[in-house]
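Notes follow the structure.
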Amino acid sequence: MSEFSFSDHSHRRFNPLTQTWVLCSPHRAKRPWLGQVEEAANEQRPAYDPQCYLCPGNRRATGAQNAQYSSTYVFPNDYAAVHAAQPDCTRAALAQVAGTQAIGELFQAESTLGQCKVLCFSPRHDLTLPELSVDEISAVVRAWQQIYTSLSEDPDIRYVQLFENKGAMMGCSNPHPHGQVWALSDVPSEPAKEIASLLAYRQAHAEPDACLLCSYVAAELANAHAPPTNRVVLQNDSFAVLVPFWAVWPFETMIVAKTHVANVSQLDTQQVRDLAAAMQALTIRYDNLFQCSFPYSMGLHQSPTATHPDAGCCHLHLHFYPPLLRSATVRKFLVGFEMMAEPQRDLTAEQAAARL
């Protein structure tokens, strides 16, 4: 029997951040595709759209009017997923939908409070992140800093999620370049799993400053010197952009701080610019891969708030989850085995990094 090859043979890879596995089947990349083909997105847009709810000076669906902004612009989400005030979910309230059997064991629910905001990246309706300058993206990062710091001071907020959905394929309801902020009264499931892993790693290594992501990014930078082990797409003084060893989506990437930074508010002026440069360079590579405006969901994982008790073990990183698989019109679906068992991918992380 021939020697095992990560480029040809099926295998599983472990994600130490979420304590989960992903099945890799690189040989399946050779199969013919007769499945769904998406329509190529028409990205011809004007610099200003009088019908756009996010363009400067326009009225939104609720009647509120946008400022005549010239850089970034933040406003409360008119259709927020959570609200700052609402009644508690009492046991009596839960009984209305769960009945009276096994409440607190099999049937649990709790009221969730919070705030949702929209952050317009630019007044230009026709530009996306890769088309903005590093200075313009730096303004976005500074806006993140201000929003995160402000929300961290609210005693009712225990988690701040900064994110962007780009493209109709990722459910974006408006093509104007923008991101969102959801701030909640509890830490959601995905970041909670990461924080638990970061805490466990620090405790297991019996070092006060031990950090899973510090160790991981150092190892990946060392691996980058040999093509068979390279998963680093690009880097600058402050950040590394890489395809994680355990990636699920075909061209999934992470932007990871090279030094231990707990959250975006701790970035200095140069680090802000370096993060902006890394975001620009990565998204340009995405657009160039299939010669299209590359869709993705992107979000920051960091300490839940600046004052969270576990903030010290958290390490700032950004996740990019793009769905495209083979071309601008063929996407990956998480279905079947991936819903019932565990995620699966065809392209290996090393192959994806080489293509990016």
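Going by the structure tokens order, chains are called A, B, ..., each with residues numbered from 1, while ligands are numbered from 1 in the order shown.
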Quiz item: Could you pull the residues within 9 Å of Thr112 in chain A, counting only C-alpha atoms, minus those fewer than 3 positions along the same chain, as a count of residues only?
Solution: 9
Self-check item: For Gln302 in chain A: contacts at 9 Å, only C-alpha atoms, fewer than 6 positions along chain excluded, given as an MDAnalysis selection string
Solution: chainID A and resid 160:161 191 195 261:264 311 314:318
Selected residues written out with N, CA and C atoms, as a PDB file, in the first residue's frame:
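Written out: part_17.pdb:
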ATOM      1  N   VAL A 160     -20.092  41.595  22.853  1.00  0.00           N
ATOM      2  CA  VAL A 160     -20.202  42.469  21.688  1.00  0.00           C
ATOM      3  C   VAL A 160     -19.694  41.724  20.459  1.00  0.00           C
ATOM      4  N   GLN A 161     -20.562  41.538  19.465  1.00  0.00           N
ATOM      5  CA  GLN A 161     -20.165  40.882  18.215  1.00  0.00           C
ATOM      6  C   GLN A 161     -20.150  41.895  17.083  1.00  0.00           C
ATOM      7  N   PRO A 191     -18.512  31.755  20.575  1.00  0.00           N
ATOM      8  CA  PRO A 191     -17.390  32.344  21.315  1.00  0.00           C
ATOM      9  C   PRO A 191     -17.208  31.724  22.694  1.00  0.00           C
ATOM     10  N   ILE A 195     -13.637  30.493  24.193  1.00  0.00           N
ATOM     11  CA  ILE A 195     -13.102  30.994  25.465  1.00  0.00           C
ATOM     12  C   ILE A 195     -12.813  29.837  26.408  1.00  0.00           C
ATOM     13  N   VAL A 261      -3.201  40.264  22.057  1.00  0.00           N
ATOM     14  CA  VAL A 261      -4.109  41.407  22.166  1.00  0.00           C
ATOM     15  C   VAL A 261      -5.483  40.840  22.462  1.00  0.00           C
ATOM     16  N   ALA A 262      -6.102  41.277  23.548  1.00  0.00           N
ATOM     17  CA  ALA A 262      -7.372  40.680  23.967  1.00  0.00           C
ATOM     18  C   ALA A 262      -8.543  41.131  23.117  1.00  0.00           C
ATOM     19  N   ASN A 263      -8.522  42.385  22.668  1.00  0.00           N
ATOM     20  CA  ASN A 263      -9.667  42.904  21.926  1.00  0.00           C
ATOM     21  C   ASN A 263      -9.252  44.096  21.079  1.00  0.00           C
ATOM     22  N   VAL A 264     -10.149  44.504  20.212  1.00  0.00           N
ATOM     23  CA  VAL A 264      -9.840  45.543  19.234  1.00  0.00           C
ATOM     24  C   VAL A 264      -9.534  46.879  19.890  1.00  0.00           C
ATOM     25  N   ALA A 311     -11.182  38.183  30.028  1.00  0.00           N
ATOM     26  CA  ALA A 311     -10.604  38.958  28.925  1.00  0.00           C
ATOM     27  C   ALA A 311      -9.115  38.659  28.730  1.00  0.00           C
ATOM     28  N   CYS A 314      -8.230  35.867  26.294  1.00  0.00           N
ATOM     29  CA  CYS A 314      -8.746  35.980  24.923  1.00  0.00           C
ATOM     30  C   CYS A 314      -7.702  36.589  23.998  1.00  0.00           C
ATOM     31  N   HIS A 315      -7.791  36.233  22.723  1.00  0.00           N
ATOM     32  CA  HIS A 315      -6.801  36.666  21.725  1.00  0.00           C
ATOM     33  C   HIS A 315      -7.561  37.115  20.483  1.00  0.00           C
ATOM     34  N   LEU A 316      -7.401  38.371  20.101  1.00  0.00           N
ATOM     35  CA  LEU A 316      -8.130  38.942  18.973  1.00  0.00           C
ATOM     36  C   LEU A 316      -7.841  38.186  17.676  1.00  0.00           C
ATOM     37  N   HIS A 317      -8.909  37.781  17.001  1.00  0.00           N
ATOM     38  CA  HIS A 317      -8.784  37.198  15.672  1.00  0.00           C
ATOM     39  C   HIS A 317     -10.082  37.406  14.908  1.00  0.00           C
ATOM     40  N   LEU A 318      -9.985  37.406  13.589  1.00  0.00           N
ATOM     41  CA  LEU A 318     -11.133  37.572  12.714  1.00  0.00           C
ATOM     42  C   LEU A 318     -11.334  36.287  11.925  1.00  0.00           C
TER      43      LEU A 318
END
Quiz prompt | range 118-261 of chain A: residues DSSP assigns to strand (DSSP E or B), reported as an MDAnalysis selection string | solution = chainID A and resid 118:120 159:166 178:184 232:235 239:242 253:257
Write the residues of the selection above to a file with N, CA, C and O atoms, as a short mmCIF file (atom, residue, chain, number, x, y, z; two decimals), in the first residue's frame.
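Now in result.cif:
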data_model
loop_
_atom_site.label_atom_id
_atom_site.label_comp_id
_atom_site.auth_asym_id
_atom_site.auth_seq_id
_atom_site.Cartn_x
_atom_site.Cartn_y
_atom_site.Cartn_z
N VAL A 118 -25.88 49.40 13.11
CA VAL A 118 -25.38 49.26 11.75
C VAL A 118 -24.20 50.21 11.59
O VAL A 118 -24.25 51.36 12.04
N LEU A 119 -23.13 49.72 10.97
CA LEU A 119 -21.94 50.54 10.70
C LEU A 119 -21.72 50.60 9.20
O LEU A 119 -21.34 49.59 8.58
N CYS A 120 -22.00 51.75 8.60
CA CYS A 120 -21.70 51.94 7.18
C CYS A 120 -20.19 52.19 7.04
O CYS A 120 -19.63 53.05 7.71
N TYR A 159 -21.53 40.83 26.00
CA TYR A 159 -20.88 40.33 24.78
C TYR A 159 -21.14 41.30 23.64
O TYR A 159 -22.27 41.77 23.46
N VAL A 160 -20.09 41.60 22.85
CA VAL A 160 -20.20 42.47 21.69
C VAL A 160 -19.69 41.72 20.46
O VAL A 160 -18.54 41.30 20.42
N GLN A 161 -20.56 41.54 19.46
CA GLN A 161 -20.16 40.88 18.22
C GLN A 161 -20.15 41.89 17.08
O GLN A 161 -21.16 42.52 16.76
N LEU A 162 -18.98 42.06 16.47
CA LEU A 162 -18.80 42.90 15.29
C LEU A 162 -18.68 41.98 14.08
O LEU A 162 -17.88 41.03 14.10
N PHE A 163 -19.47 42.23 13.03
CA PHE A 163 -19.43 41.31 11.90
C PHE A 163 -19.91 41.99 10.62
O PHE A 163 -20.49 43.07 10.64
N GLU A 164 -19.65 41.31 9.50
CA GLU A 164 -20.12 41.76 8.19
C GLU A 164 -20.59 40.56 7.39
O GLU A 164 -19.91 39.52 7.36
N ASN A 165 -21.74 40.66 6.76
CA ASN A 165 -22.19 39.71 5.74
C ASN A 165 -22.06 40.41 4.40
O ASN A 165 -22.69 41.45 4.17
N LYS A 166 -21.23 39.86 3.52
CA LYS A 166 -21.03 40.48 2.21
C LYS A 166 -21.66 39.62 1.12
O LYS A 166 -21.36 38.43 1.01
N HIS A 178 -21.41 47.71 4.51
CA HIS A 178 -21.73 47.95 5.92
C HIS A 178 -21.52 46.67 6.72
O HIS A 178 -21.48 45.56 6.18
N GLY A 179 -21.38 46.85 8.02
CA GLY A 179 -21.31 45.74 8.95
C GLY A 179 -22.35 45.95 10.03
O GLY A 179 -23.11 46.93 10.02
N GLN A 180 -22.38 45.02 10.97
CA GLN A 180 -23.35 45.10 12.05
C GLN A 180 -22.68 44.89 13.40
O GLN A 180 -21.57 44.35 13.49
N VAL A 181 -23.37 45.32 14.43
CA VAL A 181 -22.95 45.11 15.81
C VAL A 181 -24.14 44.56 16.58
O VAL A 181 -25.20 45.19 16.59
N TRP A 182 -23.99 43.39 17.16
CA TRP A 182 -25.00 42.85 18.06
C TRP A 182 -24.35 42.73 19.44
O TRP A 182 -23.34 42.03 19.60
N ALA A 183 -24.92 43.42 20.40
CA ALA A 183 -24.42 43.38 21.78
C ALA A 183 -25.48 42.73 22.65
O ALA A 183 -26.65 43.15 22.64
N LEU A 184 -25.09 41.71 23.40
CA LEU A 184 -26.05 40.87 24.11
C LEU A 184 -25.78 40.81 25.61
O LEU A 184 -24.67 41.10 26.07
N VAL A 232 -0.08 30.03 5.60
CA VAL A 232 -0.09 31.48 5.74
C VAL A 232 -0.29 32.11 4.36
O VAL A 232 0.45 31.83 3.42
N VAL A 233 -1.31 32.95 4.24
CA VAL A 233 -1.61 33.62 2.98
C VAL A 233 -0.80 34.90 2.85
O VAL A 233 -0.24 35.20 1.79
N LEU A 234 -0.71 35.67 3.92
CA LEU A 234 0.07 36.89 3.94
C LEU A 234 0.25 37.32 5.39
O LEU A 234 -0.41 36.80 6.29
N GLN A 235 1.15 38.27 5.62
CA GLN A 235 1.39 38.77 6.97
C GLN A 235 1.99 40.16 6.90
O GLN A 235 2.54 40.57 5.88
N PHE A 239 -0.14 41.30 12.11
CA PHE A 239 -1.16 40.27 11.88
C PHE A 239 -0.70 39.24 10.85
O PHE A 239 0.05 39.57 9.93
N ALA A 240 -1.18 38.00 11.06
CA ALA A 240 -0.99 36.94 10.08
C ALA A 240 -2.35 36.54 9.53
O ALA A 240 -3.32 36.42 10.29
N VAL A 241 -2.42 36.36 8.23
CA VAL A 241 -3.63 35.88 7.57
C VAL A 241 -3.36 34.45 7.13
O VAL A 241 -2.40 34.20 6.38
N LEU A 242 -4.16 33.51 7.58
CA LEU A 242 -3.89 32.11 7.30
C LEU A 242 -5.17 31.32 7.09
O LEU A 242 -6.26 31.73 7.53
N THR A 253 -10.58 31.70 6.16
CA THR A 253 -9.32 32.25 6.68
C THR A 253 -9.53 32.84 8.07
O THR A 253 -10.66 33.07 8.50
N MET A 254 -8.42 33.06 8.74
CA MET A 254 -8.38 33.81 9.99
C MET A 254 -7.33 34.90 9.87
O MET A 254 -6.28 34.69 9.26
N ILE A 255 -7.63 36.06 10.43
CA ILE A 255 -6.62 37.09 10.64
C ILE A 255 -6.33 37.09 12.13
O ILE A 255 -7.22 37.35 12.95
N VAL A 256 -5.10 36.77 12.50
CA VAL A 256 -4.74 36.58 13.91
C VAL A 256 -3.66 37.58 14.31
O VAL A 256 -2.65 37.74 13.60
N ALA A 257 -3.87 38.23 15.44
CA ALA A 257 -2.84 39.13 15.97
C ALA A 257 -1.59 38.33 16.32
O ALA A 257 -1.67 37.27 16.94
#
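In the backbone-derived DSSP annotation, alpha helix (DSSP H) within range 282-330 of chain A comprises Leu282, Thr283, Ile284, Arg285, Tyr286, Asp287, Asn288 and Leu289 of chain A.
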Would you put the residues from that selection into a file with N, CA and C atoms, as an mmCIF file, in the first residue's frame?
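Output (out18.cif):
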data_model
loop_
_atom_site.group_PDB
_atom_site.id
_atom_site.type_symbol
_atom_site.label_atom_id
_atom_site.label_comp_id
_atom_site.auth_asym_id
_atom_site.auth_seq_id
_atom_site.Cartn_x
_atom_site.Cartn_y
_atom_site.Cartn_z
ATOM 1 N N LEU A 282 -6.354 40.680 1.987
ATOM 2 C CA LEU A 282 -7.072 39.405 1.930
ATOM 3 C C LEU A 282 -8.288 39.504 1.022
ATOM 4 N N THR A 283 -9.095 40.536 1.191
ATOM 5 C CA THR A 283 -10.320 40.632 0.401
ATOM 6 C C THR A 283 -10.026 40.887 -1.077
ATOM 7 N N ILE A 284 -8.906 41.545 -1.385
ATOM 8 C CA ILE A 284 -8.483 41.666 -2.790
ATOM 9 C C ILE A 284 -8.168 40.281 -3.349
ATOM 10 N N ARG A 285 -7.476 39.468 -2.567
ATOM 11 C CA ARG A 285 -7.164 38.110 -3.033
ATOM 12 C C ARG A 285 -8.435 37.297 -3.221
ATOM 13 N N TYR A 286 -9.394 37.474 -2.330
ATOM 14 C CA TYR A 286 -10.681 36.800 -2.506
ATOM 15 C C TYR A 286 -11.316 37.195 -3.842
ATOM 16 N N ASP A 287 -11.409 38.500 -4.104
ATOM 17 C CA ASP A 287 -12.037 38.962 -5.344
ATOM 18 C C ASP A 287 -11.302 38.453 -6.579
ATOM 19 N N ASN A 288 -9.977 38.361 -6.483
ATOM 20 C CA ASN A 288 -9.183 37.917 -7.634
ATOM 21 C C ASN A 288 -9.277 36.415 -7.882
ATOM 22 N N LEU A 289 -9.630 35.651 -6.851
ATOM 23 C CA LEU A 289 -9.629 34.194 -6.972
ATOM 24 C C LEU A 289 -10.555 33.730 -8.083
#
Quiz item: For Pro56 in chain A, which residue among A:Gln19, A:Thr72, A:Ser5, A:Ser265 is the nearest when counting only C-alpha atoms?
Solution: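 Once distances to Pro56 in chain A are computed over only C-alpha atoms, the minimum belongs to A:Thr72.
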Quiz item: Leaving out Arg60 in chain A and any residue of its chain fewer than 6 positions from it, which residues lie within 10 Å of it when counting only C-alpha atoms, given as a ChimeraX atom specification?
Solution: /A:51-54,66,78
Could you write those residues out with N, CA and C atoms, as an mmCIF file, in the first residue's frame?
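Generated output (result.cif):
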data_model
loop_
_atom_site.group_PDB
_atom_site.id
_atom_site.type_symbol
_atom_site.label_atom_id
_atom_site.label_comp_id
_atom_site.auth_asym_id
_atom_site.auth_seq_id
_atom_site.Cartn_x
_atom_site.Cartn_y
_atom_site.Cartn_z
ATOM 1 N N GLN A 51 -32.438 55.278 -3.698
ATOM 2 C CA GLN A 51 -33.369 54.327 -3.099
ATOM 3 C C GLN A 51 -32.728 53.504 -1.968
ATOM 4 N N CYS A 52 -31.435 53.703 -1.729
ATOM 5 C CA CYS A 52 -30.721 52.902 -0.726
ATOM 6 C C CYS A 52 -30.965 53.458 0.670
ATOM 7 N N TYR A 53 -31.320 52.584 1.601
ATOM 8 C CA TYR A 53 -31.591 52.998 2.978
ATOM 9 C C TYR A 53 -30.323 53.386 3.736
ATOM 10 N N LEU A 54 -29.139 53.095 3.162
ATOM 11 C CA LEU A 54 -27.894 53.349 3.879
ATOM 12 C C LEU A 54 -27.087 54.506 3.288
ATOM 13 N N ASN A 66 -30.765 59.425 7.390
ATOM 14 C CA ASN A 66 -29.323 59.318 7.588
ATOM 15 C C ASN A 66 -28.677 60.693 7.545
ATOM 16 N N ASP A 78 -32.716 49.502 12.752
ATOM 17 C CA ASP A 78 -34.155 49.736 12.806
ATOM 18 C C ASP A 78 -34.948 48.454 13.012
#
Quiz item: Looking at A:Ala210, A:Val97, A:Val335, A:Ala218, which one is nearest to Gly312 in chain A, with distances taken over only C-alpha atoms?
Solution: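 Ranked by minimum distance to Gly312 in chain A, first place goes to A:Ala210.
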Quiz item: Which residues come within 9 Å of Ile137 in chain A, counting only C-alpha atoms, excluding same-chain residues fewer than 4 positions away, as a list in words?
Solution: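 Counting only C-alpha atoms, the residues come to Phe121, Ser122, Leu129, Leu132, Ser133, Val141, Arg142, Arg273, Leu275, Ala276, Ala277, Met279 and Gln280 of chain A.
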Requested write-out: C-alpha atoms of the selected residues, as a PDB file, in the first residue's frame:
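Wrote it out as part_31.pdb, contents follow:
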ATOM      1  CA  PHE A 121     -18.101  51.530   6.006  1.00  0.00           C
ATOM      2  CA  SER A 122     -18.247  54.326   3.438  1.00  0.00           C
ATOM      3  CA  LEU A 129     -13.790  46.465   1.573  1.00  0.00           C
ATOM      4  CA  LEU A 132     -11.527  50.929   0.026  1.00  0.00           C
ATOM      5  CA  SER A 133      -8.126  52.414   0.854  1.00  0.00           C
ATOM      6  CA  VAL A 141     -11.431  49.640  12.675  1.00  0.00           C
ATOM      7  CA  ARG A 142     -11.437  52.841  14.743  1.00  0.00           C
ATOM      8  CA  ARG A 273      -3.404  50.313  10.205  1.00  0.00           C
ATOM      9  CA  LEU A 275      -5.258  45.208  10.561  1.00  0.00           C
ATOM     10  CA  ALA A 276      -6.791  47.423   7.879  1.00  0.00           C
ATOM     11  CA  ALA A 277      -3.981  46.511   5.459  1.00  0.00           C
ATOM     12  CA  MET A 279      -8.203  43.030   5.602  1.00  0.00           C
ATOM     13  CA  GLN A 280      -7.693  44.897   2.341  1.00  0.00           C
TER      14      GLN A 280
END
Quiz item: In Å, how far is it from CA of Leu267 in chain A to CA of Ser70 in chain A?
Solution: 24.0 Å
Quiz prompt | Selected residue, from A:Leu94, A:Val140, A:Val134, A:Val187, that lies nearest to Ser71 in chain A when counting only C-alpha atoms | solution =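 Smallest distance to Ser71 in chain A is found for A:Val140.
If only C-alpha atoms are the atoms counted, then among A:Thr305, A:Gln115, A:Asn174, A:Ser293 the closest residue to Asp49 in chain A is A:Asn174.
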